[in-house]
>>> print(open('final_14.txt').read())   # compact mmCIF, C-alpha atoms
# COMPACT_ATOMS: atom_id res chain seq x y z
CA MET A 363 -59.83 44.18 -2.36
CA LEU A 364 -59.38 46.71 -5.18
CA CYS A 365 -61.58 49.79 -5.41
CA ARG A 366 -65.20 48.96 -6.09
CA ARG A 367 -66.75 50.14 -9.36
CA ILE A 368 -70.07 51.79 -10.16
CA ILE A 369 -71.44 50.78 -13.57
CA PRO A 370 -74.59 52.24 -15.16
CA CYS A 371 -76.38 49.78 -17.43
CA LEU A 372 -78.11 50.77 -20.65
CA ASP A 373 -80.66 48.17 -21.78
CA CYS A 374 -81.06 49.07 -25.43
CA ASP A 375 -84.10 48.54 -27.64
CA LEU A 376 -82.66 48.74 -31.13
CA GLY A 377 -85.98 48.36 -32.91
CA VAL A 378 -86.27 52.14 -33.22
CA PRO A 379 -84.01 54.52 -35.17
CA GLU A 380 -80.70 55.10 -33.31
CA GLY A 381 -81.97 52.93 -30.45
CA ARG A 382 -83.38 53.84 -27.06
CA VAL A 383 -82.68 52.88 -23.48
CA VAL A 384 -85.50 51.06 -21.68
CA LYS A 385 -86.04 49.74 -18.17
CA GLY A 386 -88.49 47.15 -16.90
CA VAL A 387 -89.37 45.00 -13.92
CA GLU A 388 -88.23 41.37 -13.91
CA PHE A 389 -87.35 41.73 -17.64
CA GLU A 390 -90.91 42.89 -18.50
CA GLU A 391 -93.01 46.09 -18.67
CA LEU A 392 -90.30 48.04 -20.48
CA GLN A 393 -90.40 51.84 -20.32
CA PRO A 394 -88.27 54.30 -22.34
CA ALA A 395 -85.48 56.09 -20.50
CA GLY A 396 -83.51 58.03 -23.12
CA SER A 397 -80.84 57.96 -25.83
CA PRO A 398 -77.96 55.49 -25.32
CA PRO A 399 -75.11 57.85 -26.38
CA GLU A 400 -76.54 60.81 -24.45
CA LEU A 401 -77.09 58.85 -21.24
CA ALA A 402 -73.61 57.33 -21.53
CA LYS A 403 -72.08 60.78 -21.92
CA LYS A 404 -73.99 62.03 -18.88
CA TYR A 405 -72.78 59.13 -16.72
CA TYR A 406 -69.22 59.57 -17.93
CA HIS A 407 -69.23 63.16 -16.75
CA GLU A 408 -70.71 62.09 -13.41
CA GLY A 409 -67.79 59.72 -12.82
CA ALA A 410 -69.00 56.28 -13.89
CA ASP A 411 -66.24 53.66 -13.95
CA GLU A 412 -67.65 51.74 -16.91
CA ILE A 413 -70.85 51.55 -18.93
CA VAL A 414 -72.64 48.39 -20.04
CA PHE A 415 -74.79 48.33 -23.17
CA LEU A 416 -77.11 45.35 -23.59
CA ASP A 417 -79.11 44.76 -26.75
CA ILE A 418 -82.22 43.27 -25.15
CA THR A 419 -83.85 42.44 -28.48
CA ALA A 420 -80.72 40.92 -30.01
CA SER A 421 -81.97 39.92 -33.44
CA LEU A 422 -79.65 39.66 -36.43
CA ASP A 423 -81.08 42.63 -38.31
CA ARG A 424 -80.30 44.92 -35.36
CA ARG A 425 -76.71 43.88 -34.72
CA GLU A 426 -75.26 46.67 -36.82
CA THR A 427 -77.31 49.19 -34.87
CA MET A 428 -75.51 48.30 -31.63
CA GLY A 429 -72.19 48.86 -33.38
CA GLU A 430 -73.38 52.31 -34.44
CA VAL A 431 -74.45 53.11 -30.86
CA ILE A 432 -71.05 52.08 -29.48
CA GLU A 433 -69.18 53.96 -32.19
CA LYS A 434 -71.13 57.15 -31.56
CA THR A 435 -70.71 56.83 -27.80
CA SER A 436 -66.98 56.18 -27.92
CA LYS A 437 -66.36 59.56 -29.54
CA ASN A 438 -67.33 61.34 -26.32
CA VAL A 439 -66.98 58.74 -23.57
CA PHE A 440 -63.50 57.65 -22.48
CA ILE A 441 -64.11 54.90 -19.95
CA PRO A 442 -64.50 51.16 -20.65
CA LEU A 443 -67.57 50.30 -22.71
CA THR A 444 -69.03 46.80 -22.53
CA ALA A 445 -71.49 45.62 -25.17
CA GLY A 446 -73.57 42.48 -25.46
CA GLY A 447 -76.73 40.83 -26.65
CA GLY A 448 -76.80 38.26 -29.43
CA VAL A 449 -73.04 37.63 -29.60
CA LYS A 450 -72.80 34.13 -31.04
CA ASN A 451 -69.31 33.95 -32.51
CA ILE A 452 -65.94 35.64 -32.94
CA GLU A 453 -67.16 37.80 -35.81
CA ASP A 454 -70.05 39.24 -33.76
CA ALA A 455 -67.57 40.17 -31.04
CA ARG A 456 -65.07 41.57 -33.52
CA LYS A 457 -67.65 43.99 -34.90
CA LEU A 458 -68.36 45.34 -31.44
CA PHE A 459 -64.66 45.73 -30.65
CA ASN A 460 -64.10 47.49 -33.97
CA SER A 461 -66.93 49.86 -33.08
CA GLY A 462 -65.17 50.88 -29.87
CA ALA A 463 -66.23 48.34 -27.24
CA ASP A 464 -63.59 47.36 -24.68
CA LYS A 465 -65.41 44.21 -23.54
CA VAL A 466 -68.22 42.00 -24.82
CA THR A 467 -70.78 40.08 -22.80
CA VAL A 468 -72.14 36.71 -23.78
CA ASN A 469 -75.02 34.76 -22.29
CA THR A 470 -77.22 32.78 -24.69
CA GLY A 471 -74.37 32.15 -27.12
CA ALA A 472 -72.15 30.82 -24.34
CA ILE A 473 -74.77 28.50 -22.87
CA ARG A 474 -75.65 27.18 -26.33
CA SER A 475 -71.98 26.73 -27.21
CA PRO A 476 -69.77 26.83 -24.08
CA ASN A 477 -66.54 26.78 -26.07
CA LEU A 478 -67.45 30.27 -27.30
CA VAL A 479 -66.03 31.48 -23.98
CA ASP A 480 -62.75 29.70 -24.70
CA ARG A 481 -62.57 31.16 -28.21
CA LEU A 482 -63.34 34.72 -27.11
CA SER A 483 -60.84 34.57 -24.29
CA ASN A 484 -58.11 33.11 -26.49
CA ARG A 485 -58.71 35.60 -29.31
CA PHE A 486 -59.32 38.85 -27.43
CA GLY A 487 -58.04 38.15 -23.91
CA SER A 488 -59.92 37.13 -20.80
CA GLN A 489 -60.20 40.76 -19.67
CA ALA A 490 -62.45 41.42 -22.68
CA CYS A 491 -64.74 38.42 -22.16
CA VAL A 492 -67.63 38.96 -19.73
CA VAL A 493 -70.15 36.19 -19.18
CA ALA A 494 -73.61 37.45 -18.26
CA ILE A 495 -75.70 35.19 -16.05
CA ASP A 496 -79.43 35.92 -15.69
CA ALA A 497 -80.45 33.80 -12.71
CA LYS A 498 -83.87 32.93 -11.31
CA ARG A 499 -84.38 31.68 -7.76
CA ARG A 500 -85.97 28.23 -7.53
CA PRO A 501 -87.16 26.35 -4.42
CA LEU A 502 -85.13 23.21 -3.82
CA LYS A 503 -87.02 19.97 -4.38
CA GLU A 504 -86.25 16.83 -2.38
CA ASP A 505 -84.58 15.05 -5.30
CA GLU A 506 -82.44 18.00 -6.45
CA GLY A 507 -79.88 18.36 -3.69
CA GLY A 508 -77.18 16.30 -5.38
CA ASP A 509 -76.87 18.23 -8.63
CA LYS A 510 -77.64 21.78 -7.50
CA SER A 511 -75.65 24.41 -5.65
CA VAL A 512 -77.83 24.92 -2.61
CA ILE A 513 -78.07 28.37 -1.02
CA PRO A 514 -79.85 28.93 2.29
CA THR A 515 -82.16 31.95 2.37
CA SER A 516 -84.77 33.39 4.72
CA SER A 517 -87.42 31.51 2.71
CA GLY A 518 -85.60 28.17 2.75
CA GLU A 519 -83.01 26.40 0.62
CA VAL A 520 -82.95 27.43 -3.03
CA TRP A 521 -80.93 27.07 -6.20
CA TYR A 522 -80.62 29.47 -9.13
CA GLU A 523 -81.48 28.62 -12.73
CA CYS A 524 -79.83 30.25 -15.75
CA SER A 525 -82.05 31.84 -18.37
CA ILE A 526 -81.34 32.78 -21.98
CA TYR A 527 -82.93 34.91 -24.71
CA GLY A 528 -83.49 37.87 -22.41
CA GLY A 529 -85.13 35.78 -19.70
CA ASN A 530 -87.60 34.14 -22.07
CA GLU A 531 -86.23 30.60 -21.81
CA PHE A 532 -84.91 28.62 -18.86
CA THR A 533 -82.16 26.07 -19.22
CA GLY A 534 -82.15 23.91 -16.11
CA LYS A 535 -78.50 24.93 -15.70
CA ASP A 536 -77.31 25.76 -12.19
CA ALA A 537 -76.01 29.36 -12.10
CA ILE A 538 -73.22 28.77 -9.58
CA ARG A 539 -71.89 25.72 -11.39
CA TRP A 540 -72.09 27.55 -14.71
CA ALA A 541 -70.15 30.49 -13.27
CA LYS A 542 -67.38 28.16 -12.14
CA GLU A 543 -67.27 26.50 -15.56
CA VAL A 544 -66.91 29.72 -17.52
CA GLU A 545 -64.19 30.90 -15.15
CA LYS A 546 -62.22 27.75 -16.06
CA ARG A 547 -62.91 28.41 -19.74
CA GLY A 548 -61.29 31.83 -19.54
CA ALA A 549 -64.02 34.34 -18.73
CA GLY A 550 -62.53 37.44 -17.13
CA GLU A 551 -65.65 38.65 -15.35
CA ILE A 552 -69.21 37.68 -14.45
CA LEU A 553 -72.19 40.01 -14.89
CA LEU A 554 -74.63 38.48 -12.42
CA THR A 555 -78.26 39.57 -12.67
CA SER A 556 -80.97 38.43 -10.30
CA MET A 557 -84.13 38.17 -12.37
CA ASP A 558 -86.22 38.18 -9.19
CA ARG A 559 -84.82 41.57 -8.19
CA ASP A 560 -84.51 43.21 -11.63
CA GLY A 561 -86.27 46.58 -11.61
CA THR A 562 -87.90 46.01 -8.22
CA LYS A 563 -85.69 48.53 -6.36
CA ASP A 564 -85.72 46.13 -3.39
CA GLY A 565 -81.96 45.67 -3.27
CA TYR A 566 -79.54 43.14 -4.72
CA ASP A 567 -79.89 39.40 -4.17
CA ILE A 568 -77.32 39.11 -1.40
CA PRO A 569 -77.30 35.30 -0.98
CA LEU A 570 -76.72 34.72 -4.70
CA THR A 571 -74.09 37.44 -5.06
CA LYS A 572 -72.31 36.40 -1.88
CA LYS A 573 -72.10 32.76 -2.99
CA ILE A 574 -70.73 33.40 -6.46
CA SER A 575 -68.36 36.23 -5.55
CA LYS A 576 -66.88 34.12 -2.73
CA GLU A 577 -66.33 30.98 -4.80
CA LEU A 578 -64.88 32.64 -7.91
CA SER A 579 -61.52 34.35 -8.27
CA ILE A 580 -62.61 36.58 -11.16
CA PRO A 581 -64.56 39.82 -10.60
CA VAL A 582 -68.33 39.65 -10.18
CA ILE A 583 -70.65 42.54 -11.09
CA ALA A 584 -73.80 42.57 -8.95
CA SER A 585 -76.94 43.45 -10.91
CA GLY A 586 -80.68 43.58 -10.32
CA GLY A 587 -82.67 45.43 -7.68
CA CYS A 588 -80.78 48.62 -6.91
CA GLY A 589 -83.14 51.30 -5.62
CA ASN A 590 -80.84 53.60 -3.66
CA PRO A 591 -77.20 54.07 -2.58
CA GLU A 592 -77.81 52.02 0.57
CA HIS A 593 -78.41 48.96 -1.60
CA ILE A 594 -75.01 49.41 -3.25
CA TYR A 595 -73.40 49.87 0.14
CA GLU A 596 -75.09 46.68 1.34
CA VAL A 597 -73.90 44.55 -1.57
CA PHE A 598 -70.34 45.79 -1.11
CA ARG A 599 -70.46 45.28 2.65
CA GLU A 600 -72.03 41.81 2.55
CA THR A 601 -70.38 40.28 -0.53
CA GLU A 602 -67.13 40.24 -2.44
CA ALA A 603 -68.67 41.77 -5.58
CA SER A 604 -66.15 44.04 -7.25
CA ALA A 605 -68.74 46.23 -8.94
CA ALA A 606 -72.38 47.22 -8.71
CA LEU A 607 -74.49 47.75 -11.80
CA ALA A 608 -77.56 49.99 -11.65
CA ALA A 609 -80.03 51.51 -14.07
CA SER A 610 -83.26 53.00 -12.73
CA ILE A 611 -81.69 55.15 -10.03
CA PHE A 612 -79.53 56.83 -12.66
CA HIS A 613 -81.87 56.94 -15.66
CA TYR A 614 -84.64 58.82 -13.91
CA ASP A 615 -82.33 61.24 -12.04
CA LYS A 616 -83.10 59.88 -8.59
CA TYR A 617 -79.37 59.85 -7.86
CA SER A 618 -76.29 60.78 -9.83
CA VAL A 619 -73.22 58.55 -10.08
CA SER A 620 -71.19 61.13 -8.16
CA GLU A 621 -73.77 61.22 -5.34
CA VAL A 622 -73.59 57.44 -5.02
CA LYS A 623 -69.80 57.50 -4.95
CA ASN A 624 -69.74 60.20 -2.28
CA TYR A 625 -72.23 58.19 -0.20
CA LEU A 626 -70.07 55.07 -0.40
CA GLU A 627 -66.82 56.89 0.30
CA ASN A 628 -68.32 58.51 3.40
CA ARG A 629 -69.14 55.01 4.68
CA GLY A 630 -65.69 53.62 4.20
CA ILE A 631 -66.08 51.89 0.85
CA SER A 632 -63.05 52.26 -1.37
CA ILE A 633 -64.27 53.51 -4.75
CA ARG A 634 -62.61 54.68 -7.92
CA LYS A 635 -62.54 58.28 -9.03
CA VAL A 636 -62.10 58.55 -12.76
CA GLY A 637 -62.39 60.94 -15.66
CA PRO A 638 -64.25 64.24 -15.27
CA LEU A 639 -65.01 63.45 -11.61
CA ASP A 640 -61.36 64.21 -10.87
CA LEU A 641 -61.48 67.63 -12.46
>>> encode(input="final_14.txt", output="structure tokens")
Amino acid sequence: MLCRRIIPCLDCDLGVPEGRVVKGVEFEELQPAGSPPELAKKYYHEGADEIVFLDITASLDRRETMGEVIEKTSKNVFIPLTAGGGVKNIEDARKLFNSGADKVTVNTGAIRSPNLVDRLSNRFGSQACVVAIDAKRRPLKEDEGGDKSVIPTSSGEVWYECSIYGGNEFTGKDAIRWAKEVEKRGAGEILLTSMDRDGTKDGYDIPLTKKISKELSIPVIASGGCGNPEHIYEVFRETEASAALAASIFHYDKYSVSEVKNYLENRGISIRKVGPLDL
């Protein structure tokens, strides 16, 4: 496997001037964490491999604000920038690319119109099309086994349901089957977030991440639940995830990106060293 990546995530509330980074628990109880461009610059200098920006409010009147955030960030940060939230069509994606984004993520827009994945991949290349999946664990009912991807866990057999609109609406769509579909449609990467683990600092959802990363040939970014470097080590040791996304441990200075990378390297995980970290 290629070197694993460490990716800080900036959940952006663009309802305030210039935007702000926030962090919550299970997509709720949001707390401010800082300025998007300043945090991105900090993580760049600590050796982050990429940075993900997600517009968690994603309303039309705030779309230009995300472009401004990416444009400002790209002047000082020279690693891949991924932006998403509210991307519904080619033009939405084009604006983000023109602002300096290297990749875009789609979730709600893709589930509402699956051929959006095909169009983005064909127009900008699969490497620039990331499909975000926000998945919620559901207990398996007796009549659901035939149309769900069943995953055994310590609490019994479960399946995972896709959500949209920032976790505010559930779709009935099976997350594993959806991941396989978007791979066929041309997605170049999956950003997989466990809603049950988001912000809990209890560690990544290993059964979910293991299942999807094993069955797909495209890279999978594990997201949701990171509380310390051991959790990142665990997800890399137990699954085929190519990257780990984290927020809280970086935003509140519990650990730096470079500390996490040193921890992983000392335990035999092959990680990238990029940018200022090499200096």
>>> closest_atom_pairs(input="final_14.txt", of="stretch 531-553 of chain A", to="stretch 477-493 of chain A", cutoff="10 Å", atoms="all atoms listed in the file", output="CSV")
residue,atom,partner,partner_atom,distance
A:Trp540,CA,A:Val493,CA,9.9
A:Ala541,CA,A:Val493,CA,8.2
A:Glu543,CA,A:Val479,CA,9.9
A:Val544,CA,A:Val479,CA,6.8
A:Glu545,CA,A:Val493,CA,8.9
A:Lys546,CA,A:Asp480,CA,8.9
A:Arg547,CA,A:Asp480,CA,5.1
A:Gly548,CA,A:Ser483,CA,5.5
A:Ala549,CA,A:Ser488,CA,5.4
A:Gly550,CA,A:Ser488,CA,4.5
A:Glu551,CA,A:Val492,CA,4.8
A:Ile552,CA,A:Val493,CA,5.0
A:Leu553,CA,A:Val493,CA,6.1
>>> closest_residue(input="final_14.txt", among="A:Asn451, A:Asn590, A:Ser632, A:Ser436", to="A:Ala609", atoms="all atoms listed in the file")
A:Asn590
>>> closest_residue(input="final_14.txt", among="A:Arg629, A:Arg456, A:Arg599, A:Lys403", to="A:Thr435", atoms="only C-alpha atoms")
A:Lys403
>>> residues_near_point(input="final_14.txt", point="(-83.9, 40.7, -5.4)", cutoff="12 Å", atoms="only C-alpha atoms", output="mmCIF file with C-alpha atoms, keeping the file's coordinate frame")
data_model
loop_
_atom_site.group_PDB
_atom_site.id
_atom_site.type_symbol
_atom_site.label_atom_id
_atom_site.label_comp_id
_atom_site.auth_asym_id
_atom_site.auth_seq_id
_atom_site.Cartn_x
_atom_site.Cartn_y
_atom_site.Cartn_z
ATOM 1 C CA VAL A 387 -89.370 45.000 -13.920
ATOM 2 C CA GLU A 388 -88.230 41.370 -13.910
ATOM 3 C CA ALA A 497 -80.450 33.800 -12.710
ATOM 4 C CA LYS A 498 -83.870 32.930 -11.310
ATOM 5 C CA ARG A 499 -84.380 31.680 -7.760
ATOM 6 C CA THR A 515 -82.160 31.950 2.370
ATOM 7 C CA LEU A 554 -74.630 38.480 -12.420
ATOM 8 C CA THR A 555 -78.260 39.570 -12.670
ATOM 9 C CA SER A 556 -80.970 38.430 -10.300
ATOM 10 C CA MET A 557 -84.130 38.170 -12.370
ATOM 11 C CA ASP A 558 -86.220 38.180 -9.190
ATOM 12 C CA ARG A 559 -84.820 41.570 -8.190
ATOM 13 C CA ASP A 560 -84.510 43.210 -11.630
ATOM 14 C CA GLY A 561 -86.270 46.580 -11.610
ATOM 15 C CA THR A 562 -87.900 46.010 -8.220
ATOM 16 C CA LYS A 563 -85.690 48.530 -6.360
ATOM 17 C CA ASP A 564 -85.720 46.130 -3.390
ATOM 18 C CA GLY A 565 -81.960 45.670 -3.270
ATOM 19 C CA TYR A 566 -79.540 43.140 -4.720
ATOM 20 C CA ASP A 567 -79.890 39.400 -4.170
ATOM 21 C CA ILE A 568 -77.320 39.110 -1.400
ATOM 22 C CA PRO A 569 -77.300 35.300 -0.980
ATOM 23 C CA LEU A 570 -76.720 34.720 -4.700
ATOM 24 C CA THR A 571 -74.090 37.440 -5.060
ATOM 25 C CA ALA A 584 -73.800 42.570 -8.950
ATOM 26 C CA SER A 585 -76.940 43.450 -10.910
ATOM 27 C CA GLY A 586 -80.680 43.580 -10.320
ATOM 28 C CA GLY A 587 -82.670 45.430 -7.680
ATOM 29 C CA CYS A 588 -80.780 48.620 -6.910
ATOM 30 C CA GLY A 589 -83.140 51.300 -5.620
ATOM 31 C CA HIS A 593 -78.410 48.960 -1.600
ATOM 32 C CA VAL A 597 -73.900 44.550 -1.570
#
>>> residues_around(input="final_14.txt", residues="A:Ile473", least_positions_apart="4", cutoff="12 Å", atoms="only C-alpha atoms", output="PyMOL selection string")
chain A and resi 448-450+468-469+477-479+493-496+524-527+531-537+540-541+543-544
>>> residues_around(input="final_14.txt", residues="A:Cys371", least_positions_apart="5", cutoff="8 Å", atoms="only C-alpha atoms", output="list of chain:residue names")
A:Ile413, A:Val414, A:Phe415, A:Leu416, A:Leu607, A:Ala608, A:Ala609
>>> residues_around(input="final_14.txt", residues="A:Ala463", least_positions_apart="5", cutoff="6 Å", atoms="only C-alpha atoms", output="JSON, numbers by chain")
{"A": [443, 444, 458]}
>>> closest_residue(input="final_14.txt", among="A:Ala606, A:Met428, A:Ala472, A:Leu372", to="A:Lys457", atoms="only C-alpha atoms")
A:Met428
>>> residues_around(input="final_14.txt", residues="A:Glu602", least_positions_apart="2", cutoff="7 Å", atoms="all atoms listed in the file", output="list in words")
Lys572, Ser575, Lys576, Phe598 and Ser604 of chain A
>>> write_last_selection(input="final_14.txt", atoms="C-alpha atoms", output="mmCIF file, in the coordinates of the input")
data_model
loop_
_atom_site.group_PDB
_atom_site.id
_atom_site.type_symbol
_atom_site.label_atom_id
_atom_site.label_comp_id
_atom_site.auth_asym_id
_atom_site.auth_seq_id
_atom_site.Cartn_x
_atom_site.Cartn_y
_atom_site.Cartn_z
ATOM 1 C CA LYS A 572 -72.310 36.400 -1.880
ATOM 2 C CA SER A 575 -68.360 36.230 -5.550
ATOM 3 C CA LYS A 576 -66.880 34.120 -2.730
ATOM 4 C CA PHE A 598 -70.340 45.790 -1.110
ATOM 5 C CA SER A 604 -66.150 44.040 -7.250
#
>>> residues_around(input="final_14.txt", residues="stretch 396-402 of chain A", least_positions_apart="6", cutoff="12 Å", atoms="all atoms listed in the file", output="ChimeraX atom specification")
/A:369-376,378-385,408-417,427-445,609-610,612-615,618-619
>>> atom_distance(input="final_14.txt", atom1="atom CA of A:Arg634", atom2="atom CA of A:Lys542")
27.3 Å
>>> decode(input="final_14.txt", residues="stretch 516-532 of chain A", atoms="N, CA and C atoms", output="PDB file, in the first residue's frame")
ATOM      1  N   SER A 516     -19.717  -6.048  17.428  1.00  0.00           N
ATOM      2  CA  SER A 516     -19.819  -6.580  18.788  1.00  0.00           C
ATOM      3  C   SER A 516     -21.233  -6.475  19.341  1.00  0.00           C
ATOM      4  N   SER A 517     -22.054  -5.604  18.749  1.00  0.00           N
ATOM      5  CA  SER A 517     -23.433  -5.432  19.208  1.00  0.00           C
ATOM      6  C   SER A 517     -24.445  -6.110  18.288  1.00  0.00           C
ATOM      7  N   GLY A 518     -23.959  -6.950  17.377  1.00  0.00           N
ATOM      8  CA  GLY A 518     -24.846  -7.663  16.467  1.00  0.00           C
ATOM      9  C   GLY A 518     -24.672  -7.217  15.020  1.00  0.00           C
ATOM     10  N   GLU A 519     -25.486  -7.774  14.140  1.00  0.00           N
ATOM     11  CA  GLU A 519     -25.409  -7.430  12.724  1.00  0.00           C
ATOM     12  C   GLU A 519     -26.069  -6.079  12.469  1.00  0.00           C
ATOM     13  N   VAL A 520     -25.395  -5.246  11.666  1.00  0.00           N
ATOM     14  CA  VAL A 520     -25.899  -3.904  11.386  1.00  0.00           C
ATOM     15  C   VAL A 520     -25.743  -3.602   9.900  1.00  0.00           C
ATOM     16  N   TRP A 521     -26.386  -2.535   9.469  1.00  0.00           N
ATOM     17  CA  TRP A 521     -26.122  -1.944   8.173  1.00  0.00           C
ATOM     18  C   TRP A 521     -25.951  -0.450   8.392  1.00  0.00           C
ATOM     19  N   TYR A 522     -25.480   0.263   7.377  1.00  0.00           N
ATOM     20  CA  TYR A 522     -25.204   1.686   7.507  1.00  0.00           C
ATOM     21  C   TYR A 522     -26.016   2.482   6.497  1.00  0.00           C
ATOM     22  N   GLU A 523     -26.720   3.502   7.011  1.00  0.00           N
ATOM     23  CA  GLU A 523     -27.601   4.315   6.182  1.00  0.00           C
ATOM     24  C   GLU A 523     -26.940   5.645   5.824  1.00  0.00           C
ATOM     25  N   CYS A 524     -27.047   6.036   4.564  1.00  0.00           N
ATOM     26  CA  CYS A 524     -26.512   7.324   4.114  1.00  0.00           C
ATOM     27  C   CYS A 524     -27.414   8.468   4.552  1.00  0.00           C
ATOM     28  N   SER A 525     -26.788   9.554   4.963  1.00  0.00           N
ATOM     29  CA  SER A 525     -27.541  10.769   5.286  1.00  0.00           C
ATOM     30  C   SER A 525     -27.126  11.885   4.343  1.00  0.00           C
ATOM     31  N   ILE A 526     -27.979  12.902   4.242  1.00  0.00           N
ATOM     32  CA  ILE A 526     -27.710  14.081   3.420  1.00  0.00           C
ATOM     33  C   ILE A 526     -28.041  15.336   4.218  1.00  0.00           C
ATOM     34  N   TYR A 527     -27.768  16.491   3.605  1.00  0.00           N
ATOM     35  CA  TYR A 527     -28.016  17.779   4.251  1.00  0.00           C
ATOM     36  C   TYR A 527     -27.379  17.849   5.634  1.00  0.00           C
ATOM     37  N   GLY A 528     -26.076  17.514   5.678  1.00  0.00           N
ATOM     38  CA  GLY A 528     -25.341  17.643   6.931  1.00  0.00           C
ATOM     39  C   GLY A 528     -25.853  16.750   8.034  1.00  0.00           C
ATOM     40  N   GLY A 529     -26.374  15.575   7.671  1.00  0.00           N
ATOM     41  CA  GLY A 529     -26.871  14.639   8.664  1.00  0.00           C
ATOM     42  C   GLY A 529     -28.290  14.891   9.113  1.00  0.00           C
ATOM     43  N   ASN A 530     -28.988  15.813   8.457  1.00  0.00           N
ATOM     44  CA  ASN A 530     -30.345  16.170   8.872  1.00  0.00           C
ATOM     45  C   ASN A 530     -31.435  15.346   8.206  1.00  0.00           C
ATOM     46  N   GLU A 531     -31.067  14.559   7.189  1.00  0.00           N
ATOM     47  CA  GLU A 531     -32.071  13.747   6.508  1.00  0.00           C
ATOM     48  C   GLU A 531     -31.462  12.402   6.138  1.00  0.00           C
ATOM     49  N   PHE A 532     -32.213  11.329   6.377  1.00  0.00           N
ATOM     50  CA  PHE A 532     -31.732   9.996   6.052  1.00  0.00           C
ATOM     51  C   PHE A 532     -32.436   9.484   4.808  1.00  0.00           C
TER      52      PHE A 532
END
